[in-house]
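Asker: Pasting entry-v2.txt here (compact mmCIF, C-alpha atoms):
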```
# COMPACT_ATOMS: atom_id res chain seq x y z
CA MET A 7 2.95 27.90 5.35
CA LEU A 8 4.38 24.63 6.60
CA PHE A 9 4.58 24.21 10.34
CA GLY A 10 7.75 23.12 12.04
CA LYS A 11 8.09 22.02 15.63
CA ASN A 12 7.39 25.44 17.13
CA ILE A 13 7.02 24.34 20.74
CA LYS A 14 7.24 26.54 23.81
CA LYS A 15 8.35 25.30 27.17
CA ALA A 16 5.85 24.35 29.82
CA ASN A 17 6.21 27.71 31.60
CA ALA A 18 5.24 29.71 28.52
CA PRO A 19 3.10 32.73 29.44
CA GLU A 20 0.53 31.80 26.78
CA ALA A 21 -0.24 28.69 28.86
CA GLU A 22 -1.88 30.94 31.45
CA THR A 23 -4.13 32.77 28.98
CA ALA A 24 -4.83 30.25 26.21
CA ASN A 25 -8.60 30.09 25.83
CA TYR A 26 -9.25 26.48 24.89
CA GLY A 27 -12.82 25.50 24.20
CA GLY A 28 -14.60 22.46 22.87
CA LYS A 29 -15.18 23.69 19.32
CA ILE A 30 -12.68 22.63 16.64
CA GLU A 31 -12.26 24.58 13.40
CA VAL A 32 -9.99 23.46 10.58
CA LYS A 33 -9.44 25.32 7.30
CA ASN A 34 -7.54 24.12 4.24
CA ALA A 35 -5.49 21.48 6.03
CA ASP A 36 -2.88 19.54 4.06
CA LEU A 37 -0.57 16.92 5.54
CA PHE A 38 2.43 15.29 3.91
CA TYR A 39 4.61 12.41 5.01
CA GLY A 40 7.63 13.21 2.89
CA ASP A 41 6.27 13.35 -0.67
CA PHE A 42 3.06 11.47 0.16
CA GLN A 43 -0.01 13.64 0.74
CA ALA A 44 -2.12 11.97 3.45
CA LEU A 45 -4.66 14.79 3.91
CA LYS A 46 -5.93 17.01 1.11
CA ASN A 47 -7.40 20.45 1.75
CA ILE A 48 -9.59 19.47 4.70
CA SER A 49 -11.97 22.07 6.15
CA ILE A 50 -14.39 21.18 8.96
CA GLU A 51 -16.13 22.64 12.00
CA ILE A 52 -16.66 20.20 14.87
CA PRO A 53 -19.23 21.42 17.42
CA GLU A 54 -18.54 21.39 21.12
CA LYS A 55 -20.19 18.92 23.50
CA GLN A 56 -21.22 16.56 20.75
CA ILE A 57 -19.82 13.27 19.46
CA THR A 58 -18.31 13.43 15.98
CA ALA A 59 -17.34 10.18 14.25
CA PHE A 60 -14.71 9.81 11.54
CA ILE A 61 -15.42 6.84 9.26
CA GLY A 62 -13.76 5.45 6.15
CA PRO A 63 -11.64 2.52 4.98
CA SER A 64 -8.18 1.80 6.43
CA GLY A 65 -5.53 4.24 5.29
CA CYS A 66 -7.99 6.99 4.36
CA GLY A 67 -6.49 9.60 6.72
CA LYS A 68 -9.00 9.63 9.57
CA SER A 69 -6.56 8.71 12.37
CA THR A 70 -3.91 10.99 10.88
CA PHE A 71 -6.41 13.86 10.95
CA LEU A 72 -7.45 13.05 14.52
CA LYS A 73 -3.84 13.25 15.69
CA CYS A 74 -3.51 16.74 14.23
CA PHE A 75 -5.76 18.02 17.03
CA ASN A 76 -3.20 17.34 19.75
CA ARG A 77 -0.11 17.59 17.54
CA MET A 78 0.81 13.93 17.84
CA ASN A 79 2.00 14.15 14.24
CA ASP A 80 4.81 16.45 15.43
CA LEU A 81 6.51 13.25 16.54
CA VAL A 82 6.53 11.76 13.02
CA GLU A 83 9.74 12.31 11.03
CA GLY A 84 9.15 14.14 7.76
CA CYS A 85 5.57 15.18 8.57
CA LYS A 86 4.56 18.60 7.24
CA ILE A 87 1.21 20.23 8.01
CA SER A 88 -0.33 23.40 6.60
CA GLY A 89 -3.67 25.13 7.08
CA GLU A 90 -5.45 26.55 10.12
CA PHE A 91 -6.33 24.56 13.23
CA LYS A 92 -8.21 26.23 16.07
CA ILE A 93 -9.51 24.69 19.29
CA GLY A 94 -11.63 27.26 21.07
CA ASP A 95 -9.77 30.50 20.39
CA VAL A 96 -6.32 28.89 20.23
CA ASP A 97 -4.32 28.52 17.02
CA ILE A 98 -2.83 25.16 17.99
CA TYR A 99 0.01 25.33 15.45
CA GLY A 100 1.02 28.79 16.62
CA ASP A 101 3.43 29.74 19.38
CA ILE A 102 1.88 27.57 22.09
CA ASP A 103 2.76 25.26 24.95
CA VAL A 104 2.08 21.79 23.56
CA ASN A 105 1.83 20.33 27.07
CA GLU A 106 -1.06 22.71 27.72
CA LEU A 107 -2.67 21.67 24.42
CA ARG A 108 -2.50 18.00 25.39
CA LYS A 109 -3.95 18.79 28.81
CA ASN A 110 -6.99 20.29 27.08
CA VAL A 111 -7.15 17.70 24.30
CA GLY A 112 -6.98 14.19 25.76
CA MET A 113 -6.30 11.05 23.73
CA VAL A 114 -7.50 7.46 24.06
CA PHE A 115 -5.79 4.92 21.82
CA GLN A 116 -6.91 1.76 20.06
CA LYS A 117 -5.23 -0.52 22.59
CA PRO A 118 -5.58 0.26 26.31
CA ASN A 119 -2.29 1.67 27.59
CA PRO A 120 -2.48 1.98 31.38
CA PHE A 121 0.78 2.82 33.11
CA PRO A 122 2.36 -0.08 35.05
CA MET A 123 1.38 1.42 38.39
CA SER A 124 -1.65 1.48 40.66
CA VAL A 125 -5.13 2.53 39.55
CA TYR A 126 -4.78 5.60 41.80
CA ASP A 127 -1.40 6.61 40.38
CA ASN A 128 -2.67 6.23 36.80
CA ILE A 129 -5.40 8.79 37.46
CA ALA A 130 -3.21 11.07 39.58
CA TYR A 131 -0.35 11.10 37.05
CA GLY A 132 -1.64 14.02 34.96
CA PRO A 133 -2.71 16.25 37.86
CA ARG A 134 0.67 15.67 39.54
CA THR A 135 2.42 16.61 36.29
CA PHE A 136 0.55 19.92 36.32
CA GLY A 137 1.52 20.70 39.90
CA ILE A 138 -1.19 19.21 42.12
CA LYS A 139 0.60 17.52 45.04
CA LYS A 140 -1.80 17.58 47.98
CA ARG A 141 -3.21 14.16 48.77
CA ALA A 142 -6.72 15.47 49.53
CA ALA A 143 -6.91 17.22 46.16
CA LEU A 144 -5.63 14.13 44.35
CA ASP A 145 -8.11 11.91 46.23
CA GLU A 146 -10.92 14.16 45.04
CA ILE A 147 -9.71 14.11 41.43
CA VAL A 148 -9.32 10.32 41.40
CA GLU A 149 -12.84 9.82 42.74
CA ARG A 150 -14.37 12.38 40.37
CA SER A 151 -12.60 10.96 37.32
CA LEU A 152 -13.56 7.37 38.09
CA LYS A 153 -17.16 8.43 38.68
CA GLN A 154 -17.16 10.25 35.32
CA ALA A 155 -15.88 7.05 33.73
CA ALA A 156 -18.57 5.05 35.57
CA MET A 157 -15.89 2.99 37.35
CA TRP A 158 -15.89 4.23 40.94
CA GLU A 159 -18.00 1.41 42.34
CA GLU A 160 -15.88 -1.17 40.47
CA LEU A 161 -12.53 0.20 41.55
CA LYS A 162 -12.92 2.10 44.81
CA ASP A 163 -11.59 -0.89 46.75
CA ARG A 164 -8.81 -1.56 44.24
CA LEU A 165 -7.19 1.87 44.00
CA ASN A 166 -3.82 0.62 45.22
CA LYS A 167 -3.82 -2.48 43.02
CA SER A 168 -1.95 -2.53 39.72
CA ALA A 169 -3.91 -1.27 36.72
CA MET A 170 -2.34 -4.08 34.72
CA GLY A 171 -4.58 -6.57 36.55
CA LEU A 172 -7.77 -5.06 35.11
CA SER A 173 -9.63 -6.55 32.14
CA GLY A 174 -9.14 -5.00 28.71
CA GLY A 175 -12.44 -3.13 28.89
CA GLN A 176 -11.67 -1.85 32.39
CA GLN A 177 -8.21 -0.75 31.27
CA GLN A 178 -9.70 1.24 28.41
CA ARG A 179 -12.21 2.96 30.70
CA LEU A 180 -9.36 3.65 33.13
CA CYS A 181 -7.47 5.34 30.28
CA ILE A 182 -10.54 7.51 29.66
CA ALA A 183 -10.69 8.35 33.40
CA ARG A 184 -6.97 9.21 33.27
CA ALA A 185 -7.63 11.61 30.39
CA LEU A 186 -10.55 13.17 32.29
CA ALA A 187 -8.44 13.80 35.40
CA VAL A 188 -6.91 16.98 33.94
CA GLU A 189 -10.36 18.31 32.88
CA PRO A 190 -9.89 18.45 29.09
CA LYS A 191 -12.23 20.28 26.75
CA VAL A 192 -11.87 17.61 24.02
CA ILE A 193 -11.29 13.85 24.09
CA LEU A 194 -9.96 12.14 20.97
CA MET A 195 -10.62 8.41 20.61
CA ASP A 196 -8.82 6.36 17.99
CA GLU A 197 -10.88 3.16 17.56
CA PRO A 198 -11.21 2.78 21.35
CA THR A 199 -13.38 -0.36 21.21
CA SER A 200 -11.80 -2.30 18.33
CA ALA A 201 -9.95 -4.64 20.73
CA LEU A 202 -12.89 -5.10 23.12
CA ASP A 203 -15.76 -7.56 23.49
CA PRO A 204 -19.37 -6.41 22.86
CA ILE A 205 -20.19 -5.85 26.55
CA SER A 206 -17.10 -3.68 27.11
CA THR A 207 -17.83 -1.89 23.84
CA GLY A 208 -21.34 -1.09 25.08
CA LYS A 209 -19.94 0.37 28.30
CA ILE A 210 -17.53 2.62 26.40
CA GLU A 211 -20.37 3.79 24.12
CA GLU A 212 -22.59 4.58 27.14
CA LEU A 213 -19.67 6.46 28.66
CA CYS A 214 -19.18 8.53 25.49
CA MET A 215 -22.85 9.50 25.52
CA GLU A 216 -22.48 10.64 29.13
CA LEU A 217 -19.21 12.49 28.52
CA LYS A 218 -20.60 14.76 25.83
CA LYS A 219 -22.49 16.66 28.53
CA ASP A 220 -19.10 18.07 29.54
CA VAL A 221 -16.58 17.52 26.72
CA THR A 222 -16.33 17.30 22.95
CA VAL A 223 -15.73 13.73 21.78
CA VAL A 224 -14.14 12.91 18.41
CA ILE A 225 -14.00 9.19 17.63
CA VAL A 226 -12.41 7.27 14.78
CA THR A 227 -14.31 4.05 14.17
CA HIS A 228 -14.45 1.27 11.60
CA ASN A 229 -17.75 0.19 13.12
CA MET A 230 -20.43 2.07 11.24
CA GLN A 231 -23.15 0.79 13.58
CA GLN A 232 -21.20 2.40 16.40
CA ALA A 233 -21.17 5.73 14.56
CA VAL A 234 -24.95 5.46 14.07
CA ARG A 235 -25.53 4.57 17.73
CA ILE A 236 -23.53 7.30 19.43
CA SER A 237 -22.45 10.13 17.13
CA ASP A 238 -24.19 13.42 16.39
CA LYS A 239 -22.03 14.22 13.35
CA THR A 240 -20.20 11.93 10.95
CA ALA A 241 -17.33 12.68 8.56
CA PHE A 242 -16.51 10.23 5.76
CA PHE A 243 -12.90 10.15 4.56
CA LEU A 244 -11.51 8.47 1.46
CA LEU A 245 -7.90 8.55 0.23
CA GLY A 246 -7.09 11.69 2.19
CA ASP A 247 -10.20 13.61 1.12
CA LEU A 248 -13.15 14.59 3.31
CA ILE A 249 -15.92 13.33 1.05
CA GLU A 250 -18.95 14.24 3.15
CA TYR A 251 -19.72 15.66 6.60
CA GLY A 252 -23.05 16.23 8.28
CA ASP A 253 -25.57 15.05 10.83
CA THR A 254 -25.12 11.32 11.38
CA GLU A 255 -28.73 10.50 10.53
CA GLN A 256 -28.45 12.34 7.21
CA ILE A 257 -25.12 10.72 6.31
CA PHE A 258 -26.49 7.22 6.89
CA THR A 259 -30.03 7.66 5.51
CA SER A 260 -29.62 10.12 2.65
CA PRO A 261 -25.94 10.69 1.80
CA LYS A 262 -25.34 13.38 -0.80
CA GLN A 263 -22.25 11.78 -2.33
CA SER A 264 -22.32 8.48 -4.22
CA LYS A 265 -18.95 7.51 -2.67
CA THR A 266 -20.47 7.84 0.79
CA GLU A 267 -23.47 5.74 -0.18
CA ASN A 268 -21.24 3.06 -1.71
CA TYR A 269 -19.18 2.85 1.47
CA ILE A 270 -22.01 2.72 3.99
CA THR A 271 -23.92 0.15 1.93
CA GLY A 272 -20.85 -2.09 1.76
CA ARG A 273 -20.09 -1.77 -1.93
CA PHE A 274 -16.44 -1.11 -1.09
CA GLY A 275 -14.15 -0.71 1.94
```
Turn this file's structure into structure tokens for me.
Answerer:
Amino acid sequence: MLFGKNIKKANAPEAETANYGGKIEVKNADLFYGDFQALKNISIEIPEKQITAFIGPSGCGKSTFLKCFNRMNDLVEGCKISGEFKIGDVDIYGDIDVNELRKNVGMVFQKPNPFPMSVYDNIAYGPRTFGIKKRAALDEIVERSLKQAAMWEELKDRLNKSAMGLSGGQQQRLCIARALAVEPKVILMDEPTSALDPISTGKIEELCMELKKDVTVVIVTHNMQQAVRISDKTAFFLLGDLIEYGDTEQIFTSPKQSKTENYITGRFG
């Protein structure tokens, strides 16, 4: 079965009962852009409250696969997806409210993308969208989210200043705080540190390690040392295939597939 854009409105009754969790299960996933097959029969179980890294050379399908989890690929003309995708108990390509999906599955992109508004309004944007209007409740959410992102002390006196005045690393952590404000079960990160300096990268990595106490983190990274440092599980993709998936230590010390070994030892990619 190929999925179309089967999207319910934001007031869909399923939105009230959808049982999202942090575990992701995918079975027999194929993805086509027109005639080009970008993902080939992918099956994987991603555990909750752990960090799972997707590695592989450019163009191997890892970011495309990541974007399946919050249906970002729905926005791509000519994209067709088949297979089974479940987050918690929810079939995310079924008859669901996609806004509710994206509330539960947050996304952090390669380049920081704060909104051109104050720090406070960046964090409050999501909660306001989902109906929270009272200032006291928003104040509490903003403080909690910035504390989760280890930024409260840095920004508590700058809440009304433009987010655009922050450094690149601060902007990226603000984007993580913004995602946390709606209390997601999963956070997807598409190369979140590739545009950052080593100090900012270290702060994001520390933050990821802290976040997995509460949420599932799935990160696409070209930096294999980063995968070793922070991830519990690693999946290696090549030309649209999932070549190998397992505990990060096993993948990097005793890979079972020669293609995996060749990649992590720098023989190609």
Asker: If we count only C-alpha atoms and set the cut-off at 12 Å, which residues sit around Ile87 of chain A, ignoring sequence neighbours fewer than 2 positions away in its own chain? Please answer as a ChimeraX atom specification.
Answerer: /A:7-11,32-40,42-48,70-71,73-75,77-80,82,84-85,89-91,98-99
Asker: For each of A:Phe60, A:Tyr26, A:Phe115, A:Tyr269, take the minimum atom-to-atom distance to Leu248 of chain A, counting all atoms listed in the file, then give the residue where this is smallest.
Answerer: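 Under the stated criterion, the closest residue is A:Phe60.
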Asker: Which residues are near Lys218 of chain A? Cut-off 9 Å, only C-alpha atoms, ignore same chain within fewer than 2 positions. Put them as a PyMOL selection string.
Answerer: chain A and resi 54-57+213-216+220-223
Asker: Using only C-alpha atoms, which protein or nucleic acid residues come within 10 Å of Arg184 of chain A? Drop anything in the same chain fewer than 5 positions from it, and give the result as a list of chain:residue names.
Answerer: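 Near Arg184 of chain A, the qualifying residues are A:Gly112, A:Met113, A:Val114, A:Pro120, A:Val125, A:Tyr126, A:Asp127, A:Asn128, A:Ile129, A:Ala130, A:Tyr131, A:Gly132, A:Pro133, A:Ile147, A:Val148, A:Ser151, A:Leu152, A:Ala155, A:Gln178, A:Arg179, A:Glu189.
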Asker: Excluding Asp196 of chain A and residues on its chain fewer than 6 positions from it, collect all residues at most 6 Å away from it, counting all atoms listed in the file, and give them as a PDB file with C-alpha atoms, in the frame of the given file.
Answerer:
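Below is the file that was written, around-v5.pdb:
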```pdb
ATOM      1  CA  PHE A 115      -5.790   4.920  21.820  1.00  0.00           C
ATOM      2  CA  GLN A 116      -6.910   1.760  20.060  1.00  0.00           C
ATOM      3  CA  ILE A 225     -14.000   9.190  17.630  1.00  0.00           C
ATOM      4  CA  VAL A 226     -12.410   7.270  14.780  1.00  0.00           C
TER       5      VAL A 226
END
```
Asker: May I ask which of the residues A:Asn166, A:Thr240, A:Gln231, A:Asn119 is the closest one to Pro198 of chain A, counting only C-alpha atoms?
Answerer: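 Ranking A:Asn166, A:Thr240, A:Gln231, A:Asn119 by distance to Pro198 of chain A, first place goes to A:Asn119.
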Asker: Report as a list in words all protein, DNA and RNA residues lying within 6 Å of Ser124 of chain A, evaluated on all atoms listed in the file, omitting residues in the same chain fewer than 4 positions from it.
Answerer: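 The contact residues come out as Asn166, Lys167, Ser168 and Ala169 of chain A.
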Asker: Please produce a file of the residues just selected, as an mmCIF file, in the frame of the given file, where the atoms kept are C-alpha atoms.
Answerer:
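Output (again-v9.cif):
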```
data_model
loop_
_atom_site.group_PDB
_atom_site.id
_atom_site.type_symbol
_atom_site.label_atom_id
_atom_site.label_comp_id
_atom_site.auth_asym_id
_atom_site.auth_seq_id
_atom_site.Cartn_x
_atom_site.Cartn_y
_atom_site.Cartn_z
ATOM 1 C CA ASN A 166 -3.820 0.620 45.220
ATOM 2 C CA LYS A 167 -3.820 -2.480 43.020
ATOM 3 C CA SER A 168 -1.950 -2.530 39.720
ATOM 4 C CA ALA A 169 -3.910 -1.270 36.720
#
```
